[in-house]
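Peer 1: Input: one structure, supplied below.
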There are 4 protein chains.
Amino acid sequence: MGKAERRQDLLRAARDVFATKGFHDAKIDDIVAAASVAKGTFYLYFQDKRSIFSELVDGLFARIGGAILHVDLGSDIEAQVKHNIRAIVAVLLDEPKLTRILLSYAPGLDPEFGAKIQSFYAGVKMLLKESLTEGQELGIVAPGDASVYATFTLGAMKEILFENVSGAAARPREQIVLELFNLLQRGYLRVDGERHSPG
Amino acid sequence: MGKAERRQDLLRAARDVFATKGFHDAKIDDIVAAASVAKGTFYLYFQDKRSIFSELVDGLFARIGGAILHVDLGSDIEAQVKHNIRAIVAVLLDEPKLTRILLSYAPGLDPEFGAKIQSFYAGVKMLLKESLTEGQELGIVAPGDASVYATFTLGAMKEILFENVSGAAARPREQIVLELFNLLQRGYLRVDGERHSPG
Amino acid sequence: MGKAERRQDLLRAARDVFATKGFHDAKIDDIVAAASVAKGTFYLYFQDKRSIFSELVDGLFARIGGAILHVDLGSDIEAQVKHNIRAIVAVLLDEPKLTRILLSYAPGLDPEFGAKIQSFYAGVKMLLKESLTEGQELGIVAPGDASVYATFTLGAMKEILFENVSGAAARPREQIVLELFNLLQRGYLRVDGERHSPG
Amino acid sequence: MGKAERRQDLLRAARDVFATKGFHDAKIDDIVAAASVAKGTFYLYFQDKRSIFSELVDGLFARIGGAILHVDLGSDIEAQVKHNIRAIVAVLLDEPKLTRILLSYAPGLDPEFGAKIQSFYAGVKMLLKESLTEGQELGIVAPGDASVYATFTLGAMKEILFENVSGAAARPREQIVLELFNLLQRGYLRVDGERHSPG
DNA sequence: AATGAATGAGAGTTCATTCAT
DNA sequence: AATGAATGAACTCTCATTCAT
């Protein structure tokens, strides 16, 4: 058995156990049992419980980062925005268990880990905010507080994806992409179009 | 010292400790120290660590439920929607520590708790969804999947409120209310160049 | 059961177990079993295994330090030197188990602990050396390297005391005192008195 | 690579590691790393960790035993005694690391090992005692308890040699030899003011 | 003969919970 | 009602030793 496969076995096992039980309730015993190795073997491949968890989260972070393309303003913007949404949705829904961990590991619950994940989301928001500010200059994003827009977008996306990976709902990916795009573009409330026209 | 006050002391202490350290890192020792009682006293008022945590979360749930008013279609809808948003925001930001706990305790982390919180959010979504479906019939909500709208709304609200209670941002309540209303009503993307040209 | 007694029970138990098994082979389980308490109780009284060991050694150090009197040169020096030897011997043989630990815990075996004990012996040697240097000025100690004399004295005393506490020999205390005094004063080799007269 | 050399490599490596870290803190990993062999190889040459340690100690024992010459009473006794002291000092200081291990491994620390080392020292003392008893009959050793003299001699020698191998002091070998001889012959205390007045 | 991945018993330590006072 | 000392199950991590290759 190659070292790399063993490592993968353990990562897979840890992913499943973390997704099911959460970090604290996942015991090393659970992970090694799921990987069918002895306890000591775990420590040949990972320094400790925290480090295997970090590695899982980092892996997902990296894939998300790789999936996002910079928007080229010369081409069809709607298509590109949808592409980015679609790419992120694809990465996350291809790894539902990891995603579940990521979305579950809310900052604040456990300061130790929270810091790491919080910084990830902060990074995502920063990226979003910069894109949105740029979009405002080009007239494709409404004037207003870009950081608020970023926050809303992230929250909406997290919530709908969590429903998919948690089993609460199983929406087609394309529906998620389109609905999210529509929210960003048009909202859904249609109250009193006459008195409160935009502009 | 009345029993009720002791209980309140403990709840307050637990709230502070949980908000600061998270559930797992909060020790009974921390809570009783914060409440200035002996360790054994804790168990006179609460069955165990989990139950005091539950009680804190339940209390906040109840307050949120009480804050939401049913929308009366005969009156100014925009005002009523804003009122409801404002009420929820007020309840949560008046109890930032509890809110932090609530928003941090993501479902999925700990299956047992997760179920409880997930059911709460499911309840909120259901309420929202029913309102939105009703709104669709009356033309004040765009056609489409009302449960998706509910999910987005909840996610966006959770995210922006978490920023406030976690210290990441300290936005005025009214800004939060208005921005959220605007998102729901108009979104922010303006990729359809004809209707919303810049300038 | 008073806290102080519990603490004493544990110290006594640890002393016995350390004396019998040595530091590494002494398990917390052994100590708590000897003290008839639960494992967790140990940690109510001592931070960890190392700290109870340190406390035992420190206690003995303190008693030895308290037993030594400064030599008054105006009075009978021989009596005073014997008194000091007698005092040290008494302290150590009154606590044979602790003494065994102290004498067994040779520096170098375990760098972590060795440092502490080594520094103790260094302190003792320094004290001895200073006394000896003073004695040289007053003509009651032969000229020569006082630090070597200090080393010899310490080594001889450690060795003979170790025999007593380890059960290898059970000499009367007063014999130990007198023999040691004689060694320091006259040695025991009587080779060729004519060619190598002192002075 | 011959078997014998491999064995030597491992012994040398173990000697260095034990001397630096002590028995308990020396890991098999440290030893095989120092010997540049794989972990499994260790067990082809030695049964276990304890046995390589024993072998090191035994080797030193043997060399010391070989260095001591029986005193011939017809020749210059002082020279022969000095020769024996010198021989032992030479053996030990030629192998400072092994000596450090030997002197560090105080009996009593680990009952199993303790017995072995204690029996070695007992053997040395017995030898010394016999020589001293013989010396008493010939008038070259003062009357008194020969076993006490043996103990003192061993203790003084161990202590001064330990200072050399532990780095606490680095005295010339000949000084050690002479000082030790002087201690045995004359002691250093001069409390009997008449015969040895200063100046 | 050599390797080094795998093993698993075992250790110290933590902490929610109990209960005699 | 209040206390806080005592409990002991449970957990993470270590490392000497084994054994298939």
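Every chain in the structure tokens has a letter given in the order shown (A, B, ...), and although residue numbers restart at 1 in each chain, ligands are simply numbered from 1 in the order shown.
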Determine which residues of chain F sit within 12 Å of chain B, taking into account only C-alpha atoms (C1' of nucleotides), and present them as a ChimeraX atom specification.

Peer 2: /F:1-5

Peer 1: Those same residues - C-alpha atoms (C1' of nucleotides) - I'd like them written as a PDB file, in the first residue's frame.

Peer 2:
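Result file follows (result_16.pdb):
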```pdb
ATOM      1  C1'  DA F   1     -29.925  25.658  49.228  1.00  0.00           C
ATOM      2  C1'  DA F   2     -25.040  25.730  48.663  1.00  0.00           C
ATOM      3  C1'  DT F   3     -20.639  23.910  48.563  1.00  0.00           C
ATOM      4  C1'  DG F   4     -16.369  22.096  46.426  1.00  0.00           C
ATOM      5  C1'  DA F   5     -13.731  17.847  46.900  1.00  0.00           C
TER       6       DA F   5
END
```

Peer 1: Determine, counting only C-alpha atoms (C1' of nucleotides), which protein, DNA and RNA residues have an atom within 12 Å of an atom of B:Leu127; residues of the same chain fewer than 6 positions away are not included. Present the result as a PyMOL selection string.

Peer 2: chain B and resi 65+68-71+120-121+133-134+146-147+149-151+153-154

Peer 1: Using every Cα, in order, as the fitting set, what is the least-squares RMSD of chain D against chain A?

Peer 2: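 Between chain A and chain D, the C-alpha RMSD is 2.5 Å.
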
Peer 1: Quick one: everything within 12 Å of F:DA20, counting only C-alpha atoms (C1' of nucleotides), minus sequence neighbours fewer than 4 positions away in the same chain. Send it as an NGL selection string.

Peer 2: (:A and (1)) or (:E and (3-6))

Peer 1: Find the residues near A:Phe181: any atom within 9 Å, counting only C-alpha atoms (C1' of nucleotides), skip ones fewer than 4 places away on the same chain, and give them as an MDAnalysis selection string.

Peer 2: (chainID A and resid 78 81:82 85 176:177 185:186) or (chainID B and resid 189)

Peer 1: Could you please take those selected residues and save C-alpha atoms as a PDB file, in the first residue's frame?

Peer 2:
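Ended up saving to out_3.pdb:
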```pdb
ATOM      1  CA  GLU A  78     -23.868  38.226 -17.453  1.00  0.00           C
ATOM      2  CA  VAL A  81     -20.884  36.242 -13.660  1.00  0.00           C
ATOM      3  CA  LYS A  82     -23.027  33.172 -14.120  1.00  0.00           C
ATOM      4  CA  ILE A  85     -21.312  31.363  -9.708  1.00  0.00           C
ATOM      5  CA  ILE A 176     -29.178  27.595  -7.880  1.00  0.00           C
ATOM      6  CA  VAL A 177     -27.007  29.500 -10.312  1.00  0.00           C
ATOM      7  CA  GLN A 185     -29.912  41.383 -10.512  1.00  0.00           C
ATOM      8  CA  ARG A 186     -33.520  41.966  -9.619  1.00  0.00           C
TER       9      ARG A 186
ATOM     10  CA  LEU B 189     -26.422  43.822 -10.435  1.00  0.00           C
TER      11      LEU B 189
END
```

Peer 1: Could the residues of chain E that have an atom at most 10 Å from chain B be listed as a tab-separated table, each with its closest atom pair and the distance in Å to one decimal, counting only C-alpha atoms (C1' of nucleotides) and ordered by chain and ascending residue number?

Peer 2:
```
residue	atom	partner	partner_atom	distance
E:DC15	C1'	B:Lys27	CA	7.6
E:DA16	C1'	B:Ile28	CA	7.6
E:DT17	C1'	B:Asp48	CA	8.1
E:DT18	C1'	B:Gly40	CA	8.6
E:DC19	C1'	B:Gly40	CA	9.3
```

Peer 1: May I have the residues from that selection written out with N, CA and C atoms (P, O5', C5', C4', C3', O3' and C1' of nucleotides), as a compact mmCIF listing (two decimals), in the first residue's frame?

Peer 2:
```
# COMPACT_ATOMS: atom_id res chain seq x y z
P DC E 15 -10.39 20.80 29.98
O5' DC E 15 -11.73 20.21 30.60
C5' DC E 15 -12.33 19.11 29.92
C4' DC E 15 -13.51 18.61 30.71
C3' DC E 15 -14.21 19.70 31.54
O3' DC E 15 -15.59 19.45 31.47
C1' DC E 15 -13.60 17.93 32.93
P DA E 16 -16.61 20.63 31.29
O5' DA E 16 -17.98 19.82 31.30
C5' DA E 16 -18.17 18.76 30.36
C4' DA E 16 -18.90 17.60 30.99
C3' DA E 16 -20.20 17.95 31.70
O3' DA E 16 -21.10 16.87 31.49
C1' DA E 16 -18.68 17.04 33.28
P DT E 17 -22.58 17.03 32.03
O5' DT E 17 -22.50 16.34 33.45
C5' DT E 17 -22.18 14.94 33.51
C4' DT E 17 -21.96 14.53 34.94
C3' DT E 17 -23.10 14.85 35.92
O3' DT E 17 -23.56 13.61 36.42
C1' DT E 17 -20.99 15.27 36.88
P DT E 18 -24.77 13.53 37.41
O5' DT E 18 -24.12 13.09 38.80
C5' DT E 18 -23.14 12.06 38.78
C4' DT E 18 -22.54 11.90 40.16
C3' DT E 18 -23.56 11.88 41.30
O3' DT E 18 -23.17 10.84 42.19
C1' DT E 18 -21.94 13.52 41.74
P DC E 19 -24.21 10.20 43.17
O5' DC E 19 -23.70 10.72 44.59
C5' DC E 19 -22.30 10.77 44.85
C4' DC E 19 -22.06 11.51 46.16
C3' DC E 19 -23.28 11.54 47.10
O3' DC E 19 -22.80 11.55 48.42
C1' DC E 19 -22.66 13.72 46.60
```
